[in-house]
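Novice: My structure file work-v9.pdb, PDB, C-alpha atoms, is below:
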```pdb
ATOM      1  CA  MET A   1       5.549   2.487  30.075  1.00  0.00           C
ATOM      2  CA  ARG A   2       8.880   1.639  28.461  1.00  0.00           C
ATOM      3  CA  ILE A   3       9.245   0.692  24.801  1.00  0.00           C
ATOM      4  CA  SER A   4      12.572  -0.285  23.273  1.00  0.00           C
ATOM      5  CA  VAL A   5      12.989  -0.348  19.495  1.00  0.00           C
ATOM      6  CA  VAL A   6      15.608  -2.479  17.767  1.00  0.00           C
ATOM      7  CA  THR A   7      16.155  -0.745  14.429  1.00  0.00           C
ATOM      8  CA  LEU A   8      18.820   0.068  11.880  1.00  0.00           C
ATOM      9  CA  PHE A   9      17.280   3.533  11.568  1.00  0.00           C
ATOM     10  CA  PRO A  10      16.647   4.894  15.082  1.00  0.00           C
ATOM     11  CA  GLU A  11      16.409   8.403  13.648  1.00  0.00           C
ATOM     12  CA  LEU A  12      13.100   7.452  12.004  1.00  0.00           C
ATOM     13  CA  VAL A  13      11.597   6.467  15.348  1.00  0.00           C
ATOM     14  CA  ASP A  14      13.125   9.504  17.060  1.00  0.00           C
ATOM     15  CA  ALA A  15      11.338  11.763  14.562  1.00  0.00           C
ATOM     16  CA  GLY A  16       7.992  10.242  15.500  1.00  0.00           C
ATOM     17  CA  ASN A  17       8.733  10.669  19.182  1.00  0.00           C
ATOM     18  CA  ARG A  18       8.926  14.437  18.723  1.00  0.00           C
ATOM     19  CA  CYS A  19       5.340  14.795  17.485  1.00  0.00           C
ATOM     20  CA  GLY A  20       1.756  14.650  18.725  1.00  0.00           C
ATOM     21  CA  MET A  21       0.538  12.242  21.374  1.00  0.00           C
ATOM     22  CA  VAL A  22       3.854  10.406  21.606  1.00  0.00           C
ATOM     23  CA  ARG A  23       5.714  13.581  22.483  1.00  0.00           C
ATOM     24  CA  SER A  24       3.009  14.453  25.016  1.00  0.00           C
ATOM     25  CA  ALA A  25       3.275  11.010  26.630  1.00  0.00           C
ATOM     26  CA  ILE A  26       7.064  11.286  26.844  1.00  0.00           C
ATOM     27  CA  GLU A  27       6.895  14.797  28.308  1.00  0.00           C
ATOM     28  CA  LYS A  28       4.407  13.584  30.941  1.00  0.00           C
ATOM     29  CA  ASP A  29       6.764  10.700  31.824  1.00  0.00           C
ATOM     30  CA  SER A  30       4.018   8.249  30.898  1.00  0.00           C
ATOM     31  CA  LEU A  31       6.177   6.767  28.141  1.00  0.00           C
ATOM     32  CA  ALA A  32       9.879   6.220  27.496  1.00  0.00           C
ATOM     33  CA  VAL A  33      11.172   5.118  24.086  1.00  0.00           C
ATOM     34  CA  THR A  34      14.764   3.925  23.572  1.00  0.00           C
ATOM     35  CA  GLY A  35      16.437   2.842  20.341  1.00  0.00           C
ATOM     36  CA  TYR A  36      18.983   0.044  19.875  1.00  0.00           C
ATOM     37  CA  ASN A  37      20.879  -0.215  16.598  1.00  0.00           C
ATOM     38  CA  PRO A  38      22.065  -3.759  15.712  1.00  0.00           C
ATOM     39  CA  ARG A  39      25.062  -2.231  13.945  1.00  0.00           C
ATOM     40  CA  ASP A  40      26.473  -1.478  17.386  1.00  0.00           C
ATOM     41  CA  TRP A  41      26.712  -5.246  17.964  1.00  0.00           C
ATOM     42  CA  SER A  42      28.143  -6.132  14.558  1.00  0.00           C
ATOM     43  CA  GLU A  43      31.553  -7.794  14.509  1.00  0.00           C
ATOM     44  CA  ASP A  44      32.158  -6.635  10.952  1.00  0.00           C
ATOM     45  CA  ARG A  45      34.547  -3.697  10.604  1.00  0.00           C
ATOM     46  CA  ASN A  46      31.996  -1.990   8.338  1.00  0.00           C
ATOM     47  CA  ARG A  47      29.200  -2.670  10.874  1.00  0.00           C
ATOM     48  CA  ARG A  48      27.475  -4.975   8.426  1.00  0.00           C
ATOM     49  CA  VAL A  49      24.365  -6.744   9.742  1.00  0.00           C
ATOM     50  CA  ASP A  50      23.041  -8.622   6.679  1.00  0.00           C
ATOM     51  CA  ASP A  51      24.086 -11.438   4.356  1.00  0.00           C
ATOM     52  CA  ARG A  52      22.766 -13.604   1.532  1.00  0.00           C
ATOM     53  CA  PRO A  53      20.267 -16.375   2.355  1.00  0.00           C
ATOM     54  CA  PHE A  54      21.372 -20.003   2.367  1.00  0.00           C
ATOM     55  CA  GLY A  55      19.715 -21.881  -0.474  1.00  0.00           C
ATOM     56  CA  GLY A  56      19.782 -18.863  -2.763  1.00  0.00           C
ATOM     57  CA  GLY A  57      17.077 -16.384  -3.576  1.00  0.00           C
ATOM     58  CA  PRO A  58      16.750 -12.621  -3.787  1.00  0.00           C
ATOM     59  CA  GLY A  59      17.507 -10.075  -1.116  1.00  0.00           C
ATOM     60  CA  MET A  60      19.523 -10.074   2.065  1.00  0.00           C
ATOM     61  CA  LEU A  61      18.686 -11.318   5.551  1.00  0.00           C
ATOM     62  CA  LEU A  62      19.365  -9.754   8.924  1.00  0.00           C
ATOM     63  CA  GLN A  63      22.030 -11.803  10.698  1.00  0.00           C
ATOM     64  CA  PRO A  64      21.232 -13.268  14.121  1.00  0.00           C
ATOM     65  CA  GLY A  65      24.326 -12.008  15.951  1.00  0.00           C
ATOM     66  CA  PRO A  66      23.863  -8.234  15.690  1.00  0.00           C
ATOM     67  CA  VAL A  67      20.074  -8.306  16.025  1.00  0.00           C
ATOM     68  CA  CYS A  68      20.080 -10.637  19.022  1.00  0.00           C
ATOM     69  CA  GLY A  69      22.856  -8.584  20.617  1.00  0.00           C
ATOM     70  CA  ALA A  70      20.643  -5.509  20.391  1.00  0.00           C
ATOM     71  CA  ILE A  71      17.632  -7.411  21.746  1.00  0.00           C
ATOM     72  CA  ASP A  72      19.651  -8.780  24.659  1.00  0.00           C
ATOM     73  CA  ALA A  73      20.891  -5.297  25.516  1.00  0.00           C
ATOM     74  CA  ALA A  74      17.359  -3.899  25.415  1.00  0.00           C
ATOM     75  CA  VAL A  75      16.069  -6.686  27.658  1.00  0.00           C
ATOM     76  CA  SER A  76      18.911  -6.302  30.172  1.00  0.00           C
ATOM     77  CA  ASP A  77      18.273  -2.555  30.468  1.00  0.00           C
ATOM     78  CA  LEU A  78      14.715  -3.117  31.650  1.00  0.00           C
ATOM     79  CA  GLU A  79      13.713  -3.799  35.230  1.00  0.00           C
ATOM     80  CA  CYS A  80      11.254  -6.565  34.382  1.00  0.00           C
ATOM     81  CA  ARG A  81      10.882  -9.117  31.612  1.00  0.00           C
ATOM     82  CA  PRO A  82       9.570  -7.405  28.483  1.00  0.00           C
ATOM     83  CA  LEU A  83       7.453  -8.757  25.682  1.00  0.00           C
ATOM     84  CA  VAL A  84       9.660  -9.044  22.589  1.00  0.00           C
ATOM     85  CA  VAL A  85       7.671  -8.413  19.413  1.00  0.00           C
ATOM     86  CA  ALA A  86       8.973  -8.727  15.860  1.00  0.00           C
ATOM     87  CA  LEU A  87       7.256  -6.549  13.254  1.00  0.00           C
ATOM     88  CA  SER A  88       7.063  -8.284   9.886  1.00  0.00           C
ATOM     89  CA  PRO A  89       4.524  -9.208   7.162  1.00  0.00           C
ATOM     90  CA  GLN A  90       4.499 -12.814   8.415  1.00  0.00           C
ATOM     91  CA  GLY A  91       3.048 -11.873  11.810  1.00  0.00           C
ATOM     92  CA  ARG A  92      -0.520 -11.985  13.056  1.00  0.00           C
ATOM     93  CA  ARG A  93      -2.548  -8.912  12.191  1.00  0.00           C
ATOM     94  CA  LEU A  94      -2.265  -6.204  14.810  1.00  0.00           C
ATOM     95  CA  ASP A  95      -5.585  -4.812  16.045  1.00  0.00           C
ATOM     96  CA  ARG A  96      -7.135  -2.642  18.752  1.00  0.00           C
ATOM     97  CA  HIS A  97      -7.481  -5.544  21.185  1.00  0.00           C
ATOM     98  CA  VAL A  98      -3.739  -6.214  21.161  1.00  0.00           C
ATOM     99  CA  ILE A  99      -2.885  -2.525  21.584  1.00  0.00           C
ATOM    100  CA  ALA A 100      -5.409  -2.108  24.401  1.00  0.00           C
ATOM    101  CA  ASP A 101      -3.989  -5.128  26.215  1.00  0.00           C
ATOM    102  CA  TRP A 102      -0.406  -3.870  25.931  1.00  0.00           C
ATOM    103  CA  ALA A 103      -1.362  -0.396  27.120  1.00  0.00           C
ATOM    104  CA  GLU A 104      -3.350  -1.740  30.054  1.00  0.00           C
ATOM    105  CA  ARG A 105      -0.709  -4.190  31.252  1.00  0.00           C
ATOM    106  CA  ARG A 106       2.134  -1.657  30.868  1.00  0.00           C
ATOM    107  CA  GLN A 107       4.581  -4.529  30.403  1.00  0.00           C
ATOM    108  CA  PRO A 108       7.731  -3.187  28.722  1.00  0.00           C
ATOM    109  CA  LEU A 109       7.903  -3.872  24.999  1.00  0.00           C
ATOM    110  CA  VAL A 110      10.868  -4.550  22.768  1.00  0.00           C
ATOM    111  CA  LEU A 111       9.834  -3.918  19.156  1.00  0.00           C
ATOM    112  CA  VAL A 112      12.165  -5.528  16.634  1.00  0.00           C
ATOM    113  CA  CYS A 113      12.058  -3.925  13.187  1.00  0.00           C
ATOM    114  CA  GLY A 114      12.664  -6.047  10.131  1.00  0.00           C
ATOM    115  CA  ARG A 115      14.582  -4.844   7.072  1.00  0.00           C
ATOM    116  CA  TYR A 116      15.712  -6.205   3.704  1.00  0.00           C
ATOM    117  CA  GLU A 117      14.271  -9.660   2.973  1.00  0.00           C
ATOM    118  CA  GLY A 118      13.568 -10.291   6.649  1.00  0.00           C
ATOM    119  CA  PHE A 119      15.008 -12.034   9.692  1.00  0.00           C
ATOM    120  CA  ASP A 120      17.204 -15.066   9.994  1.00  0.00           C
ATOM    121  CA  GLN A 121      14.699 -17.518  11.483  1.00  0.00           C
ATOM    122  CA  ARG A 122      16.965 -18.144  14.467  1.00  0.00           C
ATOM    123  CA  ILE A 123      16.303 -14.601  15.659  1.00  0.00           C
ATOM    124  CA  LEU A 124      12.585 -15.352  15.832  1.00  0.00           C
ATOM    125  CA  ASP A 125      13.082 -18.777  17.371  1.00  0.00           C
ATOM    126  CA  SER A 126      15.492 -17.699  20.103  1.00  0.00           C
ATOM    127  CA  ARG A 127      14.472 -14.182  21.136  1.00  0.00           C
ATOM    128  CA  VAL A 128      10.991 -13.239  19.919  1.00  0.00           C
ATOM    129  CA  ASP A 129       7.797 -13.879  21.894  1.00  0.00           C
ATOM    130  CA  GLU A 130       5.264 -12.724  19.306  1.00  0.00           C
ATOM    131  CA  GLU A 131       5.255 -11.604  15.686  1.00  0.00           C
ATOM    132  CA  TYR A 132       2.811  -8.996  14.355  1.00  0.00           C
ATOM    133  CA  SER A 133       1.987  -7.276  11.083  1.00  0.00           C
ATOM    134  CA  LEU A 134       0.042  -4.080  10.351  1.00  0.00           C
ATOM    135  CA  GLY A 135      -1.873  -5.881   7.610  1.00  0.00           C
ATOM    136  CA  ASP A 136      -1.615  -7.377   4.144  1.00  0.00           C
ATOM    137  CA  LEU A 137       1.065  -5.040   2.858  1.00  0.00           C
ATOM    138  CA  VAL A 138       4.852  -4.861   2.772  1.00  0.00           C
ATOM    139  CA  LEU A 139       6.842  -1.863   4.001  1.00  0.00           C
ATOM    140  CA  SER A 140      10.536  -1.135   3.498  1.00  0.00           C
ATOM    141  CA  GLY A 141      11.082  -1.860   7.184  1.00  0.00           C
ATOM    142  CA  GLY A 142       9.421  -2.243  10.543  1.00  0.00           C
ATOM    143  CA  GLU A 143      10.117   1.303  11.723  1.00  0.00           C
ATOM    144  CA  LEU A 144       6.813   2.702  10.476  1.00  0.00           C
ATOM    145  CA  ALA A 145       4.999  -0.205  12.101  1.00  0.00           C
ATOM    146  CA  ALA A 146       6.832   0.474  15.370  1.00  0.00           C
ATOM    147  CA  MET A 147       5.800   4.124  15.199  1.00  0.00           C
ATOM    148  CA  VAL A 148       2.185   3.068  14.696  1.00  0.00           C
ATOM    149  CA  VAL A 149       2.359   0.801  17.743  1.00  0.00           C
ATOM    150  CA  ILE A 150       3.972   3.502  19.878  1.00  0.00           C
ATOM    151  CA  ASP A 151       1.411   6.126  18.849  1.00  0.00           C
ATOM    152  CA  ALA A 152      -1.555   3.790  19.394  1.00  0.00           C
ATOM    153  CA  ILE A 153      -0.297   2.876  22.880  1.00  0.00           C
ATOM    154  CA  ALA A 154       0.626   6.464  23.837  1.00  0.00           C
ATOM    155  CA  ARG A 155      -2.895   7.809  23.331  1.00  0.00           C
ATOM    156  CA  ARG A 156      -4.264   5.116  25.642  1.00  0.00           C
ATOM    157  CA  LEU A 157      -2.020   5.981  28.556  1.00  0.00           C
ATOM    158  CA  PRO A 158      -3.735   7.939  31.369  1.00  0.00           C
ATOM    159  CA  GLY A 159      -3.543  11.716  31.094  1.00  0.00           C
ATOM    160  CA  VAL A 160      -2.076  11.804  27.576  1.00  0.00           C
ATOM    161  CA  VAL A 161      -5.242  12.605  25.612  1.00  0.00           C
ATOM    162  CA  GLY A 162      -6.948  15.716  26.944  1.00  0.00           C
ATOM    163  CA  ASP A 163     -10.456  14.269  26.707  1.00  0.00           C
ATOM    164  CA  ALA A 164     -10.367  10.576  27.632  1.00  0.00           C
ATOM    165  CA  GLN A 165     -13.864  10.150  26.152  1.00  0.00           C
ATOM    166  CA  SER A 166     -12.443  10.737  22.680  1.00  0.00           C
ATOM    167  CA  VAL A 167     -10.459   7.505  23.010  1.00  0.00           C
ATOM    168  CA  VAL A 168     -13.550   5.574  24.086  1.00  0.00           C
ATOM    169  CA  GLU A 169     -15.492   6.859  21.069  1.00  0.00           C
ATOM    170  CA  ASP A 170     -12.806   6.109  18.488  1.00  0.00           C
ATOM    171  CA  SER A 171     -13.404   3.815  15.559  1.00  0.00           C
ATOM    172  CA  PHE A 172     -13.326   0.098  16.446  1.00  0.00           C
ATOM    173  CA  GLU A 173     -13.763   0.621  20.196  1.00  0.00           C
ATOM    174  CA  ALA A 174     -17.325  -0.779  20.116  1.00  0.00           C
ATOM    175  CA  ASP A 175     -16.720  -2.921  17.008  1.00  0.00           C
ATOM    176  CA  ARG A 176     -18.057  -0.052  14.941  1.00  0.00           C
ATOM    177  CA  LEU A 177     -16.407   2.582  12.777  1.00  0.00           C
ATOM    178  CA  ASP A 178     -16.727   6.203  13.785  1.00  0.00           C
ATOM    179  CA  HIS A 179     -19.760   8.323  12.845  1.00  0.00           C
ATOM    180  CA  PRO A 180     -19.497  11.366  10.505  1.00  0.00           C
ATOM    181  CA  HIS A 181     -18.328  14.628  12.082  1.00  0.00           C
ATOM    182  CA  TYR A 182     -19.191  18.244  11.166  1.00  0.00           C
ATOM    183  CA  THR A 183     -18.004  21.675  12.267  1.00  0.00           C
ATOM    184  CA  ARG A 184     -18.432  25.306  11.170  1.00  0.00           C
ATOM    185  CA  PRO A 185     -19.423  26.710   8.762  1.00  0.00           C
ATOM    186  CA  PRO A 186     -22.949  25.230   8.719  1.00  0.00           C
ATOM    187  CA  GLU A 187     -22.962  25.337   4.892  1.00  0.00           C
ATOM    188  CA  TRP A 188     -19.968  24.886   2.628  1.00  0.00           C
ATOM    189  CA  GLU A 189     -19.951  24.538  -1.175  1.00  0.00           C
ATOM    190  CA  GLY A 190     -23.680  23.904  -1.051  1.00  0.00           C
ATOM    191  CA  ARG A 191     -23.304  21.070   1.443  1.00  0.00           C
ATOM    192  CA  GLY A 192     -25.119  21.374   4.726  1.00  0.00           C
ATOM    193  CA  VAL A 193     -24.990  19.768   8.140  1.00  0.00           C
ATOM    194  CA  PRO A 194     -27.566  17.174   9.302  1.00  0.00           C
ATOM    195  CA  ALA A 195     -30.327  19.079  11.074  1.00  0.00           C
ATOM    196  CA  VAL A 196     -30.244  16.770  14.068  1.00  0.00           C
ATOM    197  CA  LEU A 197     -26.742  17.989  14.978  1.00  0.00           C
ATOM    198  CA  THR A 198     -27.980  21.563  15.396  1.00  0.00           C
ATOM    199  CA  SER A 199     -31.170  20.600  17.221  1.00  0.00           C
ATOM    200  CA  GLY A 200     -29.710  20.772  20.729  1.00  0.00           C
ATOM    201  CA  ASP A 201     -31.441  17.467  21.516  1.00  0.00           C
ATOM    202  CA  HIS A 202     -28.550  15.404  22.877  1.00  0.00           C
ATOM    203  CA  ARG A 203     -30.559  12.196  23.014  1.00  0.00           C
ATOM    204  CA  ARG A 204     -31.438  12.447  19.323  1.00  0.00           C
ATOM    205  CA  ILE A 205     -27.861  13.401  18.486  1.00  0.00           C
ATOM    206  CA  ALA A 206     -26.511  10.348  20.331  1.00  0.00           C
ATOM    207  CA  ALA A 207     -29.033   8.102  18.570  1.00  0.00           C
ATOM    208  CA  TRP A 208     -28.142   9.576  15.153  1.00  0.00           C
ATOM    209  CA  ARG A 209     -24.436   9.131  15.751  1.00  0.00           C
ATOM    210  CA  GLY A 210     -24.887   5.538  16.832  1.00  0.00           C
ATOM    211  CA  GLU A 211     -27.010   4.794  13.788  1.00  0.00           C
ATOM    212  CA  GLN A 212     -24.544   6.430  11.404  1.00  0.00           C
ATOM    213  CA  ALA A 213     -21.632   4.517  12.953  1.00  0.00           C
ATOM    214  CA  MET A 214     -23.558   1.300  12.452  1.00  0.00           C
ATOM    215  CA  LEU A 215     -24.447   2.118   8.820  1.00  0.00           C
ATOM    216  CA  THR A 216     -20.871   3.128   7.998  1.00  0.00           C
ATOM    217  CA  THR A 217     -19.575  -0.132   9.462  1.00  0.00           C
ATOM    218  CA  ALA A 218     -22.152  -2.192   7.561  1.00  0.00           C
ATOM    219  CA  ARG A 219     -21.189  -0.519   4.263  1.00  0.00           C
ATOM    220  CA  ARG A 220     -17.420  -0.396   4.607  1.00  0.00           C
ATOM    221  CA  ARG A 221     -16.528  -3.241   6.972  1.00  0.00           C
ATOM    222  CA  PRO A 222     -19.246  -5.916   6.812  1.00  0.00           C
ATOM    223  CA  ASP A 223     -16.786  -8.357   8.383  1.00  0.00           C
ATOM    224  CA  LEU A 224     -16.539  -6.129  11.465  1.00  0.00           C
ATOM    225  CA  PHE A 225     -20.276  -5.448  11.492  1.00  0.00           C
ATOM    226  CA  MET A 226     -21.164  -9.148  11.505  1.00  0.00           C
ATOM    227  CA  GLU A 227     -18.983  -9.900  14.521  1.00  0.00           C
ATOM    228  CA  HIS A 228     -22.123  -9.135  16.560  1.00  0.00           C
ATOM    229  CA  GLU A 229     -25.753  -9.898  15.773  1.00  0.00           C
ATOM    230  CA  PRO A 230     -27.526  -6.628  14.845  1.00  0.00           C
ATOM    231  CA  THR A 231     -30.087  -5.428  17.379  1.00  0.00           C
ATOM    232  CA  ALA A 232     -33.702  -4.824  16.446  1.00  0.00           C
ATOM    233  CA  ASP A 233     -33.034  -1.072  16.241  1.00  0.00           C
ATOM    234  CA  GLU A 234     -30.022  -1.652  14.001  1.00  0.00           C
ATOM    235  CA  ARG A 235     -32.026  -3.914  11.693  1.00  0.00           C
ATOM    236  CA  ALA A 236     -34.749  -1.265  11.481  1.00  0.00           C
ATOM    237  CA  ALA A 237     -32.167   1.405  10.644  1.00  0.00           C
ATOM    238  CA  LEU A 238     -30.661  -0.792   7.942  1.00  0.00           C
ATOM    239  CA  GLU A 239     -34.113  -1.323   6.412  1.00  0.00           C
ATOM    240  CA  ARG A 240     -34.765   2.426   6.380  1.00  0.00           C
ATOM    241  CA  HIS A 241     -31.415   3.013   4.763  1.00  0.00           C
ATOM    242  CA  TRP A 242     -31.968   0.378   2.101  1.00  0.00           C
ATOM    243  CA  LEU A 243     -35.379   1.890   1.302  1.00  0.00           C
ATOM    244  CA  GLY A 244     -33.775   5.268   0.756  1.00  0.00           C
ATOM    245  CA  ASP A 245     -35.295   6.900   3.823  1.00  0.00           C
ATOM    246  CA  ALA A 246     -32.023   8.405   5.062  1.00  0.00           C
ATOM    247  CA  GLU A 247     -33.427  11.041   7.407  1.00  0.00           C
ATOM    248  CA  ASN A 248     -31.084  13.864   8.417  1.00  0.00           C
ATOM    249  CA  THR A 249     -28.316  12.885   6.040  1.00  0.00           C
ATOM    250  CA  PRO A 250     -26.143  15.781   4.790  1.00  0.00           C
ATOM    251  CA  ASP A 251     -27.685  17.941   2.075  1.00  0.00           C
ATOM    252  CA  GLN A 252     -26.144  17.262  -1.304  1.00  0.00           C
ATOM    253  CA  PRO A 253     -25.655  19.856  -4.063  1.00  0.00           C
TER
END
```
Could I get this file's structure written as structure tokens?
Specialist:
Amino acid sequence: MRISVVTLFPELVDAGNRCGMVRSAIEKDSLAVTGYNPRDWSEDRNRRVDDRPFGGGPGMLLQPGPVCGAIDAAVSDLECRPLVVALSPQGRRLDRHVIADWAERRQPLVLVCGRYEGFDQRILDSRVDEEYSLGDLVLSGGELAAMVVIDAIARRLPGVVGDAQSVVEDSFEADRLDHPHYTRPPEWEGRGVPAVLTSGDHRRIAAWRGEQAMLTTARRRPDLFMEHEPTADERAALERHWLGDAENTPDQP
């Protein structure tokens, strides 16, 4: 899969490409990431790409000429029509469904990183297909968001993650957060491990993990939990939890 990043700071994205799953995906030729700096398309002798907004107000805006020049170059370098995505706080919230769809379709992506006060609207109107945000927060620029997108896609590409089941069991994949995890030693600072996990009974372990994932989601993300009607078993588990009968929960000091 090919991802192009339009950014004033390609070195930030390059640093992310040298680590973890992204590096593995690139080394396996499952992923190619290319940067395009709008300054290379600036007509200003100082390679300036921003200016003050019409109508007044704080901050500076990215000018349409340099940014669209970089987008056009990225698009022309690809063999098929890419999806051009602007990363900014005004976009729709990015989630697992969007990432899964992009990774499955393998359509090339052009990620356009915002900076300063944002984009001249004509960039969005003339070149951008979709606009996405990581959430209700503001970053200094879209580079970190682009790195998140690249990493989330890379780990979904075939052969990148050593155990494909780990991707299936990640948080959010079944509209549930992940269950608690434990490793050695069996006791640490007076805190133990749930007995069920050392029982060797894989059916009970699977049931415990499913129940814990459900309880964690209900406590921390009730909005996510209520996307689906709880099953009878889930309702029973919630009732046990509310009554304080939390069997096989970690020992507390």
Novice: Pick out the residues sitting within 6 Å of Leu31 (chain A), and hand them over as a list of chain:residue names; count all atoms listed in the file, and ignore anything fewer than 6 positions along from it in its own chain.
Specialist: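 The contact residues come out as A:Met1, A:Arg2, A:Ala25.
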Novice: Mind dumping a table of every region 58-105 of chain A residue within 12 Å of region 172-192 of chain A, with the nearest atom pair and its distance in Å to one decimal, using all atoms listed in the file, sorted by chain and rising number, as JSON lines?
Specialist:
```
{"residue": "A:Asp95", "atom": "CA", "partner": "A:Phe172", "partner_atom": "CA", "distance": 9.2}
{"residue": "A:Arg96", "atom": "CA", "partner": "A:Phe172", "partner_atom": "CA", "distance": 7.2}
{"residue": "A:His97", "atom": "CA", "partner": "A:Glu173", "partner_atom": "CA", "distance": 8.9}
{"residue": "A:Ile99", "atom": "CA", "partner": "A:Glu173", "partner_atom": "CA", "distance": 11.4}
{"residue": "A:Ala100", "atom": "CA", "partner": "A:Glu173", "partner_atom": "CA", "distance": 9.7}
```
Novice: Would you output that residue set with C-alpha atoms, as a CSV table (one decimal), keeping the file's coordinate frame?
Specialist:
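The file below, part-v9.csv, is the result:
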```
chain,number,residue,atom,x,y,z
A,95,ASP,CA,-5.6,-4.8,16.0
A,96,ARG,CA,-7.1,-2.6,18.8
A,97,HIS,CA,-7.5,-5.5,21.2
A,99,ILE,CA,-2.9,-2.5,21.6
A,100,ALA,CA,-5.4,-2.1,24.4
```
Novice: Using Å and a single decimal, report how far CA of Glu117 (chain A) sits from CA of Val149 (chain A).
Specialist: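 Pair CA of Val149 (chain A) / CA of Glu117 (chain A) returns 21.7 Å.
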Novice: Show which residues sit within 8 Å of Leu134 (chain A), as JSON, numbers by chain. Count only C-alpha atoms, and ignore same-chain residues fewer than 5 positions away.
Specialist: {"A": [89, 93, 94, 145]}
Novice: Take the residues from that selection and put them in a file with C-alpha atoms, as a compact mmCIF listing (two decimals), in the frame of the given file.
Specialist:
```
# COMPACT_ATOMS: atom_id res chain seq x y z
CA PRO A 89 4.52 -9.21 7.16
CA ARG A 93 -2.55 -8.91 12.19
CA LEU A 94 -2.26 -6.20 14.81
CA ALA A 145 5.00 -0.20 12.10
```
Novice: Given the file above and the PyMOL selection byres ((chain A and resi 66-72) around 7), which residues are selected, and can you give them as a CSV table (one decimal) with C-alpha atoms, in the coordinates of the input?
Specialist:
```csv
chain,number,residue,atom,x,y,z
A,6,VAL,CA,15.6,-2.5,17.8
A,36,TYR,CA,19.0,0.0,19.9
A,37,ASN,CA,20.9,-0.2,16.6
A,38,PRO,CA,22.1,-3.8,15.7
A,39,ARG,CA,25.1,-2.2,13.9
A,41,TRP,CA,26.7,-5.2,18.0
A,42,SER,CA,28.1,-6.1,14.6
A,49,VAL,CA,24.4,-6.7,9.7
A,63,GLN,CA,22.0,-11.8,10.7
A,64,PRO,CA,21.2,-13.3,14.1
A,65,GLY,CA,24.3,-12.0,16.0
A,73,ALA,CA,20.9,-5.3,25.5
A,74,ALA,CA,17.4,-3.9,25.4
A,75,VAL,CA,16.1,-6.7,27.7
A,76,SER,CA,18.9,-6.3,30.2
A,123,ILE,CA,16.3,-14.6,15.7
A,127,ARG,CA,14.5,-14.2,21.1
```
Novice: Can you build me a table of region 134-229 of chain A residues sitting at most 12 Å from region 7-15 of chain A, with the closest atom pair per residue and its distance in Å to one decimal, using all atoms listed in the file, sorted by chain and residue number, as CSV?
Specialist:
```
residue,atom,partner,partner_atom,distance
A:Ser140,CA,A:Phe9,CA,11.5
A:Gly141,CA,A:Thr7,CA,8.9
A:Gly142,CA,A:Thr7,CA,7.9
A:Glu143,CA,A:Val13,CA,6.5
A:Leu144,CA,A:Val13,CA,7.8
A:Ala145,CA,A:Val13,CA,9.9
A:Ala146,CA,A:Val13,CA,7.7
A:Met147,CA,A:Val13,CA,6.3
A:Val148,CA,A:Val13,CA,10.0
A:Val149,CA,A:Val13,CA,11.1
A:Ile150,CA,A:Val13,CA,9.4
A:Asp151,CA,A:Val13,CA,10.8
```
Novice: Identify which of the residues A:His241, A:Cys19, A:Pro158, A:Met214 lies closest to His228 (chain A), counting all atoms listed in the file when measuring atom-to-atom distances.
Specialist: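 So, comparing all the options, the nearest one is A:Met214.
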Novice: To one decimal in Å, tell me the separation between CA of Gly57 (chain A) and CA of Val5 (chain A).
Specialist: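 CA of Val5 (chain A) lies 28.4 Å from CA of Gly57 (chain A).
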Novice: Let me have the centre and edge lengths of the axis-aligned box enclosing all listed atoms of region 215-226 of chain A with 6 Å padding on every side, in Å to one decimal, as lines of an AutoDock Vina configuration file.
Specialist:
```
center_x = -20.5
center_y = -3.0
center_z = 7.9
size_x = 19.9
size_y = 24.3
size_z = 19.2
```
Novice: Work out how far CA of Ile3 (chain A) is from CA of Glu130 (chain A), in Å to one decimal.
Specialist: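 For CA of Glu130 (chain A) relative to CA of Ile3 (chain A), the distance reads 15.0 Å.
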Novice: For a cutoff of 10 Å around the file-coordinate point (-25.3, 4.8, 14.4), which residues qualify once you count all atoms listed in the file? I'd like the result as a list of chain:residue names.
Specialist: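 Collected hits near the coordinates: A:Arg176, A:Leu177, A:Asp178, A:His179, A:Pro180, A:Ile205, A:Ala206, A:Ala207, A:Trp208, A:Arg209, A:Gly210, A:Glu211, A:Gln212, A:Ala213, A:Met214, A:Leu215, A:Thr216, A:Thr217, A:Asp233, A:Glu234, A:Ala237.
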Novice: For Arg52 (chain A), which residue among A:Glu104, A:Tyr116, A:Glu27, A:Arg156 is the nearest when counting only C-alpha atoms?
Specialist: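 Among the listed residues, the smallest separation from Arg52 (chain A) belongs to A:Tyr116.
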Novice: Which is closest to Asp77 (chain A) among A:Val110, A:Val98, A:Ala236, A:Leu61, if we use all atoms listed in the file?
Specialist: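 Using all atoms listed in the file, Asp77 (chain A) sits closest to A:Val110.
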Novice: Here is a test: counting only C-alpha atoms, which residue of A:Leu197, A:Ala103, A:Leu109, A:Val161 is nearest to Gly20 (chain A)?
Specialist: A:Val161
